[in-house]
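Heads up, target-v2.cif below (mmCIF, C-alpha atoms):
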```
data_coords
loop_
_atom_site.label_atom_id
_atom_site.label_comp_id
_atom_site.auth_asym_id
_atom_site.auth_seq_id
_atom_site.Cartn_x
_atom_site.Cartn_y
_atom_site.Cartn_z
CA MET A 1 14.87 -118.98 73.06
CA LYS A 2 13.81 -119.52 69.46
CA SER A 3 10.77 -117.27 69.80
CA THR A 4 12.97 -114.46 71.09
CA MET A 5 15.29 -114.73 68.06
CA LEU A 6 12.35 -114.66 65.64
CA LYS A 7 10.98 -111.54 67.26
CA PHE A 8 14.39 -109.87 66.98
CA LEU A 9 14.71 -110.73 63.27
CA LEU A 10 11.17 -109.47 62.53
CA LEU A 11 11.92 -106.13 64.21
CA ALA A 12 15.15 -105.82 62.19
CA VAL A 13 13.29 -106.43 58.89
CA ILE A 14 10.59 -103.88 59.81
CA PHE A 15 13.26 -101.31 60.73
CA CYS A 16 15.18 -101.81 57.45
CA GLY A 17 11.94 -101.45 55.41
CA ALA A 18 11.07 -98.20 57.18
CA ALA A 19 14.57 -96.87 56.53
CA ASN A 20 14.32 -97.69 52.81
CA MET A 21 10.93 -95.99 52.57
CA ALA A 22 12.30 -92.87 54.27
CA GLU A 23 15.24 -92.75 51.82
CA ALA A 24 12.89 -93.05 48.83
CA GLN A 25 10.68 -90.22 50.08
CA LYS A 26 13.75 -88.05 50.59
CA LYS A 27 14.88 -88.61 46.94
CA LYS A 28 11.41 -87.77 45.62
CA SER A 29 11.27 -84.54 47.58
CA THR A 30 14.75 -83.62 46.34
CA LYS A 31 13.67 -84.11 42.70
CA ARG A 32 10.55 -82.02 43.20
CA THR A 33 12.47 -79.13 44.67
CA THR A 34 15.24 -79.13 42.04
CA LYS A 35 12.91 -79.26 39.01
CA PRO A 36 11.33 -75.79 39.52
CA LYS A 37 14.81 -74.33 39.97
CA THR A 38 15.74 -75.56 36.48
CA LYS A 39 12.57 -74.01 35.04
CA ALA A 40 13.30 -70.73 36.76
CA LYS A 41 16.75 -70.58 35.20
CA ILE A 42 15.32 -71.20 31.71
CA GLN A 43 12.67 -68.50 32.11
CA ALA A 44 15.21 -65.97 33.31
CA SER A 45 17.41 -66.40 30.23
CA ALA A 46 17.27 -63.59 27.57
CA PRO A 47 14.95 -64.45 24.65
CA SER A 48 16.48 -64.53 21.14
CA GLU A 49 15.56 -61.58 18.89
CA ASP A 50 13.61 -62.22 15.68
CA THR A 51 15.36 -59.96 13.19
CA ALA A 52 12.83 -60.60 10.41
CA ALA A 53 9.91 -59.60 12.59
CA ALA A 54 11.81 -56.55 13.83
CA ALA A 55 12.50 -55.47 10.26
CA ILE A 56 8.81 -55.76 9.38
CA ALA A 57 7.66 -53.94 12.49
CA ALA A 58 10.22 -51.12 12.13
CA PRO A 59 8.69 -47.86 10.82
CA PRO A 60 9.75 -46.85 7.29
CA ALA A 61 12.46 -44.27 6.94
CA PRO A 62 11.17 -40.76 6.21
CA PRO A 63 11.37 -39.80 2.51
CA ALA A 64 14.21 -37.58 1.43
CA LYS A 65 13.22 -33.93 1.16
CA ASP A 66 13.02 -32.42 -2.28
CA SER A 67 16.09 -30.33 -2.94
CA LEU A 68 14.55 -28.19 -5.68
CA PRO A 69 13.98 -24.52 -4.77
CA ILE A 70 10.20 -24.77 -4.81
CA LYS A 71 8.13 -22.57 -2.55
CA GLN A 72 5.79 -24.74 -0.49
CA VAL A 73 2.30 -23.27 -0.79
CA LYS A 74 -0.33 -24.30 1.74
CA PRO A 75 -3.71 -25.19 0.18
CA SER A 76 -6.76 -23.19 1.20
CA LEU A 77 -9.02 -24.90 3.75
CA ARG A 78 -12.08 -23.10 2.40
CA PRO A 79 -13.19 -22.34 -1.18
CA ASP A 80 -11.04 -19.40 -2.22
CA GLU A 81 -13.12 -18.60 -5.30
CA ALA A 82 -16.68 -17.47 -5.75
CA VAL A 83 -17.18 -19.70 -8.81
CA GLU A 84 -16.69 -23.41 -9.30
CA THR A 85 -13.41 -24.03 -11.13
CA ALA A 86 -12.68 -27.67 -10.25
CA ALA A 87 -13.78 -28.81 -13.71
CA LEU A 88 -11.43 -26.30 -15.34
CA ARG A 89 -8.44 -27.68 -13.43
CA ASP A 90 -9.30 -31.21 -14.61
CA ARG A 91 -9.10 -30.28 -18.29
CA THR A 92 -7.16 -32.52 -20.66
CA PRO A 93 -5.69 -31.31 -23.96
CA LEU A 94 -7.10 -32.47 -27.26
CA PRO A 95 -4.90 -34.97 -29.10
CA TYR A 96 -2.87 -33.65 -31.98
CA GLU A 97 -4.05 -34.17 -35.54
CA HIS A 98 -2.04 -36.89 -37.22
CA LEU A 99 0.39 -35.60 -39.84
CA ARG A 100 1.72 -37.96 -42.49
CA ALA A 101 5.30 -37.52 -43.63
CA ASP A 102 4.18 -37.77 -47.28
CA ASP A 103 1.79 -34.83 -46.81
CA ALA A 104 4.43 -32.56 -45.22
CA VAL A 105 5.49 -30.60 -48.31
CA TYR A 106 7.13 -27.87 -46.21
CA ARG A 107 8.96 -28.53 -42.96
CA HIS A 108 11.52 -26.56 -40.95
CA ARG A 109 12.91 -26.49 -37.41
CA ILE A 110 12.77 -23.20 -35.53
CA TRP A 111 14.41 -22.23 -32.22
CA ARG A 112 13.07 -19.18 -30.36
CA GLU A 113 14.04 -17.24 -27.27
CA ILE A 114 11.23 -15.92 -25.07
CA ASP A 115 12.04 -12.93 -22.87
CA THR A 116 9.40 -12.60 -20.15
CA ARG A 117 10.33 -8.96 -19.58
CA GLU A 118 8.47 -8.09 -22.78
CA LYS A 119 4.95 -6.83 -22.19
CA ILE A 120 3.24 -9.62 -24.13
CA ASN A 121 5.16 -12.23 -22.10
CA GLN A 122 4.62 -10.76 -18.62
CA THR A 123 2.18 -13.54 -17.75
CA PHE A 124 5.19 -15.90 -17.56
CA SER A 125 6.30 -14.01 -14.41
CA TYR A 126 2.94 -13.95 -12.57
CA ALA A 127 4.06 -14.43 -8.94
CA ALA A 128 0.75 -15.21 -7.17
CA ASP A 129 0.13 -18.40 -5.16
CA ALA A 130 -2.78 -20.79 -5.62
CA ASP A 131 -3.75 -24.19 -4.27
CA ASN A 132 -1.68 -25.84 -7.02
CA GLY A 133 1.44 -23.85 -6.10
CA ASN A 134 3.17 -20.74 -7.30
CA GLN A 135 2.03 -19.49 -10.70
CA ARG A 136 5.39 -18.48 -12.20
CA PHE A 137 6.08 -20.43 -15.38
CA ILE A 138 9.46 -21.63 -14.09
CA SER A 139 7.77 -22.71 -10.85
CA ILE A 140 5.18 -24.75 -12.77
CA ILE A 141 7.96 -26.61 -14.57
CA LEU A 142 9.92 -27.28 -11.35
CA GLN A 143 6.78 -28.45 -9.53
CA SER A 144 6.02 -30.95 -12.30
CA LEU A 145 9.59 -32.28 -12.16
CA ALA A 146 9.54 -32.59 -8.34
CA ASP A 147 6.23 -34.51 -8.34
CA SER A 148 7.15 -38.10 -9.21
CA THR A 149 3.48 -38.95 -9.91
CA LYS A 150 3.49 -36.65 -12.95
CA GLY A 151 6.13 -38.74 -14.73
CA ILE A 152 7.93 -35.74 -16.25
CA THR A 153 11.59 -36.18 -17.21
CA ALA A 154 14.16 -33.42 -17.58
CA PHE A 155 16.82 -33.91 -20.23
CA SER A 156 20.36 -32.61 -20.20
CA ALA A 157 21.11 -29.36 -22.02
CA LEU A 158 24.18 -30.93 -23.66
CA ASP A 159 21.92 -31.22 -26.70
CA ASP A 160 18.30 -30.42 -27.54
CA ARG A 161 17.31 -33.89 -28.79
CA PHE A 162 16.21 -35.27 -25.37
CA THR A 163 18.94 -37.91 -25.20
CA THR A 164 20.19 -37.80 -21.58
CA PRO A 165 17.70 -37.93 -18.67
CA MET A 166 18.62 -36.01 -15.51
CA THR A 167 18.13 -37.05 -11.89
CA MET A 168 16.65 -34.80 -9.22
CA GLY A 169 20.14 -34.10 -7.93
CA ASP A 170 21.29 -33.06 -11.41
CA ILE A 171 18.35 -30.67 -11.72
CA ALA A 172 19.05 -29.15 -8.29
CA LYS A 173 22.70 -28.71 -9.21
CA ALA A 174 21.78 -27.01 -12.48
CA VAL A 175 19.28 -24.66 -10.81
CA LEU A 176 21.16 -23.90 -7.59
CA GLY A 177 24.72 -24.14 -8.85
CA GLU A 178 27.74 -25.79 -7.27
CA GLU A 179 28.27 -25.86 -3.51
CA ILE A 180 30.86 -23.37 -2.26
CA ASP A 181 32.98 -23.38 0.90
CA VAL A 182 31.79 -20.66 3.28
CA PRO A 183 34.28 -19.82 6.09
CA LEU A 184 33.08 -20.16 9.69
CA GLN A 185 34.33 -17.63 12.23
CA ASP A 186 34.33 -17.57 16.02
CA SER A 187 33.38 -14.63 18.22
CA LEU A 188 36.85 -13.12 17.72
CA GLY A 189 36.67 -13.25 13.94
CA ASN A 190 39.09 -16.14 13.55
CA ILE A 191 38.35 -18.70 10.83
CA ILE A 192 37.68 -22.04 12.51
CA GLY A 193 36.52 -24.02 9.53
CA THR A 194 34.37 -24.07 6.40
CA LYS A 195 30.84 -25.14 5.56
CA LYS A 196 29.50 -26.16 2.15
CA MET A 197 26.50 -24.08 1.12
CA ARG A 198 24.62 -23.14 -2.06
CA ASN A 199 23.58 -19.66 -3.05
CA GLU A 200 19.94 -18.73 -2.64
CA VAL A 201 18.02 -18.68 -5.90
CA ASN A 202 15.51 -16.03 -6.92
CA LEU A 203 12.97 -17.60 -9.28
CA ASP A 204 12.42 -14.20 -10.90
CA SER A 205 15.99 -14.47 -12.26
CA PHE A 206 14.78 -17.15 -14.72
CA TYR A 207 13.16 -14.82 -17.22
CA LYS A 208 14.32 -16.34 -20.50
CA PHE A 209 13.27 -19.60 -22.15
CA HIS A 210 14.20 -21.43 -25.31
CA VAL A 211 11.47 -23.06 -27.39
CA LYS A 212 12.18 -25.68 -30.03
CA GLU A 213 9.42 -26.17 -32.56
CA GLU A 214 8.67 -27.37 -36.06
CA VAL A 215 6.63 -25.66 -38.76
CA ILE A 216 4.87 -27.98 -41.22
CA PHE A 217 2.58 -27.33 -44.17
CA ASP A 218 0.21 -30.26 -44.59
CA LYS A 219 -1.09 -30.55 -48.16
CA GLU A 220 -3.98 -32.81 -47.15
CA SER A 221 -5.57 -30.19 -44.90
CA SER A 222 -3.93 -27.21 -46.73
CA ARG A 223 -2.87 -25.78 -43.42
CA LEU A 224 0.32 -24.60 -41.74
CA PHE A 225 0.99 -26.33 -38.39
CA TRP A 226 3.28 -25.18 -35.57
CA ARG A 227 4.28 -28.00 -33.25
CA ILE A 228 6.35 -27.23 -30.14
CA LEU A 229 8.83 -29.98 -29.26
CA GLY A 230 10.68 -28.74 -26.17
CA ILE A 231 11.11 -25.90 -23.68
CA ALA A 232 14.29 -25.00 -21.79
CA PRO A 233 14.67 -22.38 -19.01
CA LEU A 234 17.81 -20.25 -19.19
CA LYS A 235 20.13 -19.16 -16.39
CA ARG A 236 22.65 -16.35 -16.43
CA ILE A 237 26.10 -17.61 -15.42
CA VAL A 238 28.41 -15.21 -13.59
CA THR A 239 31.71 -16.53 -12.24
CA SER A 240 33.07 -15.75 -8.78
CA THR A 241 35.46 -13.27 -10.39
CA GLY A 242 32.53 -11.34 -11.90
CA LEU A 243 32.93 -12.64 -15.46
CA ASP A 244 29.55 -12.76 -17.22
CA LEU A 245 29.30 -15.92 -19.35
CA GLY A 246 25.82 -15.12 -20.59
CA PHE A 247 22.72 -17.31 -20.58
CA THR A 248 22.81 -21.09 -20.80
CA PRO A 249 19.95 -23.66 -20.83
CA LEU A 250 19.45 -25.58 -17.57
CA PHE A 251 17.58 -28.57 -19.00
CA TRP A 252 14.98 -29.46 -21.62
CA VAL A 253 11.45 -30.75 -21.02
CA TYR A 254 9.50 -32.49 -23.74
CA TYR A 255 6.49 -30.31 -24.52
CA PRO A 256 4.01 -33.11 -25.46
CA ASP A 257 4.66 -34.60 -21.98
CA MET A 258 3.95 -31.22 -20.37
CA ARG A 259 0.68 -30.53 -22.21
CA PRO A 260 -1.62 -32.23 -19.62
CA ILE A 261 0.09 -30.26 -16.83
CA PHE A 262 -0.06 -26.96 -18.69
CA ALA A 263 -3.77 -27.58 -19.30
CA SER A 264 -4.42 -27.58 -15.53
CA TYR A 265 -2.80 -24.16 -14.91
CA GLU A 266 -4.51 -20.92 -15.84
CA VAL A 267 -2.70 -18.00 -17.41
CA TYR A 268 -3.01 -14.64 -15.71
CA ASN A 269 -5.11 -12.14 -17.64
CA GLY A 270 -5.37 -8.81 -15.87
CA LYS A 271 -7.75 -7.43 -18.51
CA ASN A 272 -10.41 -10.12 -18.26
CA TYR A 273 -10.64 -12.50 -15.30
CA GLY A 274 -13.58 -14.29 -16.91
CA GLY A 275 -11.65 -15.06 -20.08
CA ARG A 276 -8.60 -16.85 -18.79
CA MET A 277 -6.97 -19.58 -20.81
CA SER A 278 -4.69 -22.45 -19.82
CA TRP A 279 -0.98 -22.54 -20.54
CA GLU A 280 -1.60 -25.27 -23.08
CA GLU A 281 -4.07 -23.02 -24.93
CA LEU A 282 -1.59 -20.14 -24.80
CA PHE A 283 1.13 -22.14 -26.55
CA GLU A 284 -1.21 -23.75 -29.08
CA SER A 285 -2.76 -20.35 -29.90
CA ARG A 286 0.70 -18.78 -30.27
CA MET A 287 -0.11 -16.09 -27.67
CA PHE A 288 3.54 -15.38 -26.92
CA SER A 289 6.43 -13.58 -28.55
CA GLY A 290 9.92 -14.93 -29.14
CA ARG A 291 12.76 -13.95 -31.43
CA ILE A 292 14.21 -16.62 -33.71
CA ILE A 293 17.75 -17.58 -32.73
CA LYS A 294 18.24 -20.57 -35.04
CA SER A 295 16.58 -22.22 -38.01
CA SER A 296 17.11 -25.20 -40.26
CA MET A 297 16.28 -22.98 -43.25
CA ASP A 298 19.36 -22.33 -45.41
CA ASN A 299 21.58 -23.47 -42.56
CA PRO A 300 23.77 -26.38 -43.72
CA ARG A 301 26.27 -25.80 -40.88
CA ASP A 302 23.53 -26.03 -38.22
CA ILE A 303 24.68 -22.92 -36.36
CA ARG A 304 22.80 -20.20 -34.52
CA ILE A 305 22.19 -16.77 -36.01
CA GLU A 306 24.63 -15.18 -33.57
CA ASP A 307 27.39 -17.44 -34.87
CA VAL A 308 26.87 -16.47 -38.52
CA LYS A 309 29.79 -14.55 -39.95
CA GLY A 310 29.12 -10.85 -39.73
CA MET A 311 26.65 -11.22 -36.84
CA ASP A 312 29.15 -12.45 -34.27
CA ASP A 313 31.03 -9.14 -34.25
CA LYS A 314 30.33 -7.81 -30.76
CA GLU A 315 32.42 -4.75 -31.49
CA ASN A 316 29.69 -3.63 -33.87
CA PRO A 317 27.07 -1.73 -31.81
CA ASN A 318 24.32 -2.92 -34.17
CA HIS A 319 25.12 -6.64 -33.99
CA LEU A 320 22.05 -7.39 -31.83
CA LEU A 321 19.82 -5.47 -34.24
CA HIS A 322 21.22 -7.44 -37.18
CA ARG A 323 20.39 -10.72 -35.45
CA LEU A 324 16.85 -9.53 -34.80
CA PHE A 325 16.41 -8.56 -38.45
CA GLU A 326 17.68 -11.98 -39.57
CA GLY A 327 15.08 -13.67 -37.37
CA GLU A 328 12.36 -11.45 -38.82
CA THR A 329 13.55 -12.41 -42.30
CA ILE A 330 12.99 -16.08 -41.49
CA LYS A 331 9.47 -15.27 -40.24
CA GLU A 332 8.77 -13.41 -43.47
CA LYS A 333 9.95 -16.35 -45.59
CA ILE A 334 7.55 -18.71 -43.80
CA PHE A 335 4.67 -16.25 -44.14
CA THR A 336 5.40 -15.64 -47.81
CA TYR A 337 5.51 -19.36 -48.58
CA GLU A 338 2.05 -19.90 -47.09
CA GLN A 339 0.56 -16.85 -48.84
CA ASP A 340 2.00 -17.76 -52.22
CA LEU A 341 0.09 -21.05 -52.17
CA TRP A 342 -3.19 -19.17 -52.60
CA SER A 343 -4.52 -17.04 -55.43
CA TYR A 344 -6.99 -14.22 -54.90
#
```

Final structure tokens representation of the file:
Amino acid sequence: MKSTMLKFLLLAVIFCGAANMAEAQKKKSTKRTTKPKTKAKIQASAPSEDTAAAAIAAPPAPPAKDSLPIKQVKPSLRPDEAVETAALRDRTPLPYEHLRADDAVYRHRIWREIDTREKINQTFSYAADADNGNQRFISIILQSLADSTKGITAFSALDDRFTTPMTMGDIAKAVLGEEIDVPLQDSLGNIIGTKKMRNEVNLDSFYKFHVKEEVIFDKESSRLFWRILGIAPLKRIVTSTGLDLGFTPLFWVYYPDMRPIFASYEVYNGKNYGGRMSWEELFESRMFSGRIIKSSMDNPRDIRIEDVKGMDDKENPNHLLHRLFEGETIKEKIFTYEQDLWSY
């Protein structure tokens, strides 16, 4: 009887142990199957975006297009000249001779107006294209202002003392004029709106320039010096009603800053292609003609010749001729002063 009870208890213990082992195996298998599901959910979640990395990897915005009315000239892909001229385009101007204030025994400011329609000034309107752009004088100035690597600054025409720098937008506004509202029409001719546009500009319409310079007699070298200080292109202003307001300066450029650029551009010479000079040589050699419109000589009121009493009478048909004669008188005074210093 006792042996039977012992056998029964042993079987019960073995059965309970097997049941516990089966339960443990079931829990382990449940953990193994649920763990990959958690990983799968984490992998499927959207990754966070790295804004700093995206900003670095983003391509730079395209540069703003130049708004100046400059004709884009394609460079030649083959040598377009039979002679080597690369060294000529790399010329640099000679530095100015130093002038001491104590040696300047004679010194006056002169303002001139250059009209490129005159025969001697026709090279200012040379309209050919080269690898360095259009060869018009106004185009050379605009190209130098549009190229930020040249470091040329345009100054406002409010005065001629180079006091107020102008931005590229200011230059474009001065050259192109204000935007106007152009009506838009449908196929039936009905006005459906307006669009802001600027008038097209013909570079040949800029045919007058103002030149500000100083004449100095240096007693150390016994020589008369002409030093150009600034150049300003002129534009004719005509209102929408047809009222002609005359010519007004667009901006001023400082001539000493422009000398290296002028030295890299050749002046057209239709008489001798082998004897061309640079624009810097043209100005330094005084190979241009301009009538005097203002001078500091005997001018305590600092006014232009056209504003002098007796020469501002537009009713007089000879008022332009009188202004021209007054400018020639100033030239004669400068010439006479230099000649009177010498004895023959």

**Request:** Write out as a list in words which residues come within 10 Å of Thr164 in chain A when counting only C-alpha atoms, dropping same-chain ones fewer than 5 positions away.
**Result:** Thr153, Ala154, Phe155, Ser156, Ala157, Leu158, Asp159, Phe251 and Trp252 of chain A

**Request:** Could you tell me which of A:Asp90, A:Asp80, A:Glu213, A:Asp129 comes closest to Ser278 in chain A if we count only C-alpha atoms?
**Result:**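 For Ser278 in chain A, the nearest of the candidates is A:Asp90.
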
Could you spell out the hits of the PyMOL selection byres ((chain A and resi 247) around 9) on the shown file, as a tab-separated table (two decimals) with C-alpha atoms, in the coordinates of the input?
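Contents of part.tsv, freshly written:
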```
chain	number	residue	atom	x	y	z
A	208	LYS	CA	14.32	-16.34	-20.50
A	234	LEU	CA	17.81	-20.25	-19.19
A	235	LYS	CA	20.13	-19.16	-16.39
A	236	ARG	CA	22.65	-16.35	-16.43
A	237	ILE	CA	26.10	-17.61	-15.42
A	244	ASP	CA	29.55	-12.76	-17.22
A	245	LEU	CA	29.30	-15.92	-19.35
A	246	GLY	CA	25.82	-15.12	-20.59
A	248	THR	CA	22.81	-21.09	-20.80
A	249	PRO	CA	19.95	-23.66	-20.83
```

**Request:** Take the PyMOL selection byres ((chain A and resi 296-309) around 12), apply it to the structure above, and return the hits as a PyMOL selection string.
**Result:** chain A and resi 106-113+212-215+291-295+310-314+319-331+333-334

**Asked** How far is it from CA of Asp181 in chain A to CA of Lys195 in chain A, in Å with one decimal?
**Response**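 Between these atoms lies a distance of 5.4 Å.
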
**CA of Ser139 in chain A to CA of Arg286 in chain A, straight-line distance in Å** = 21.0 Å

**Request:** Rounded to one decimal place, report the CA of Lys219 in chain A-CA of Asp102 in chain A distance in Å.
**Result:**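 Computing it gives 9.0 Å between the two atoms.
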
**Message:** Residue by residue, what does the PyMOL selection byres ((chain A and resi 169-175) around 9) grab here? Present the result as a PyMOL selection string.
**Reply:** chain A and resi 67-69+145+154+156+166-168+176-179+201+235+250-251

**Request:** Using only C-alpha atoms, find the one residue out of A:Phe124, A:Tyr265, A:Trp342, A:Phe335 that sits nearest to Ala86 in chain A.
**Result:**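 Under the stated criterion, the closest residue is A:Tyr265.
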
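Using only C-alpha atoms, the contacts of Pro93 in chain A at a cut-off of 8 Å, with sequence neighbours closer than 6 positions omitted, comprise Arg259, Pro260, Ala263 and Glu280 of chain A.
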
**Message:** Just checking: using all atoms listed in the file, which residue out of A:Lys271, A:Ser76, A:Ile261, A:Leu224 ends up closest to Thr149 in chain A?
**Reply:** A:Ile261

Ile141 in chain A: which residues within 9 Å, counting only C-alpha atoms, same-chain residues fewer than 5 positions away excluded, as a compact mmCIF listing (two decimals) with C-alpha atoms, keeping the file's coordinate frame?
```txt
# COMPACT_ATOMS: atom_id res chain seq x y z
CA ARG A 136 5.39 -18.48 -12.20
CA ALA A 146 9.54 -32.59 -8.34
CA VAL A 253 11.45 -30.75 -21.02
CA MET A 258 3.95 -31.22 -20.37
CA ILE A 261 0.09 -30.26 -16.83
```

**Spatial neighbours of Gly133 in chain A, 9 Å, all atoms listed in the file, chain gap at least 3 places, as a PyMOL selection string** = chain A and resi 70-75+128-130+139-140+143

**Prompt:** In terms of the shortest atom-to-atom distance over all atoms listed in the file, which of A:Ile191, A:Tyr207, A:Gly274, A:Lys150 is closest to Thr116 in chain A?
**Reply:** A:Tyr207

**Message:** My list of candidates is A:Thr241, A:Ser264, A:Ser289, A:Gln135. Which is closest to Phe209 in chain A when distances are computed with only C-alpha atoms?
**Reply:**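 Of A:Thr241, A:Ser264, A:Ser289, A:Gln135, the one nearest Phe209 in chain A is A:Ser289, counting only C-alpha atoms.
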
**Request:** Select, counting only C-alpha atoms, all protein, DNA and RNA residues no farther than 12 Å from (-13.1, -19.5, -9.5) in file coordinates, and express the selection as a ChimeraX atom specification.
**Result:** /A:79-89,130-131,266,273-276
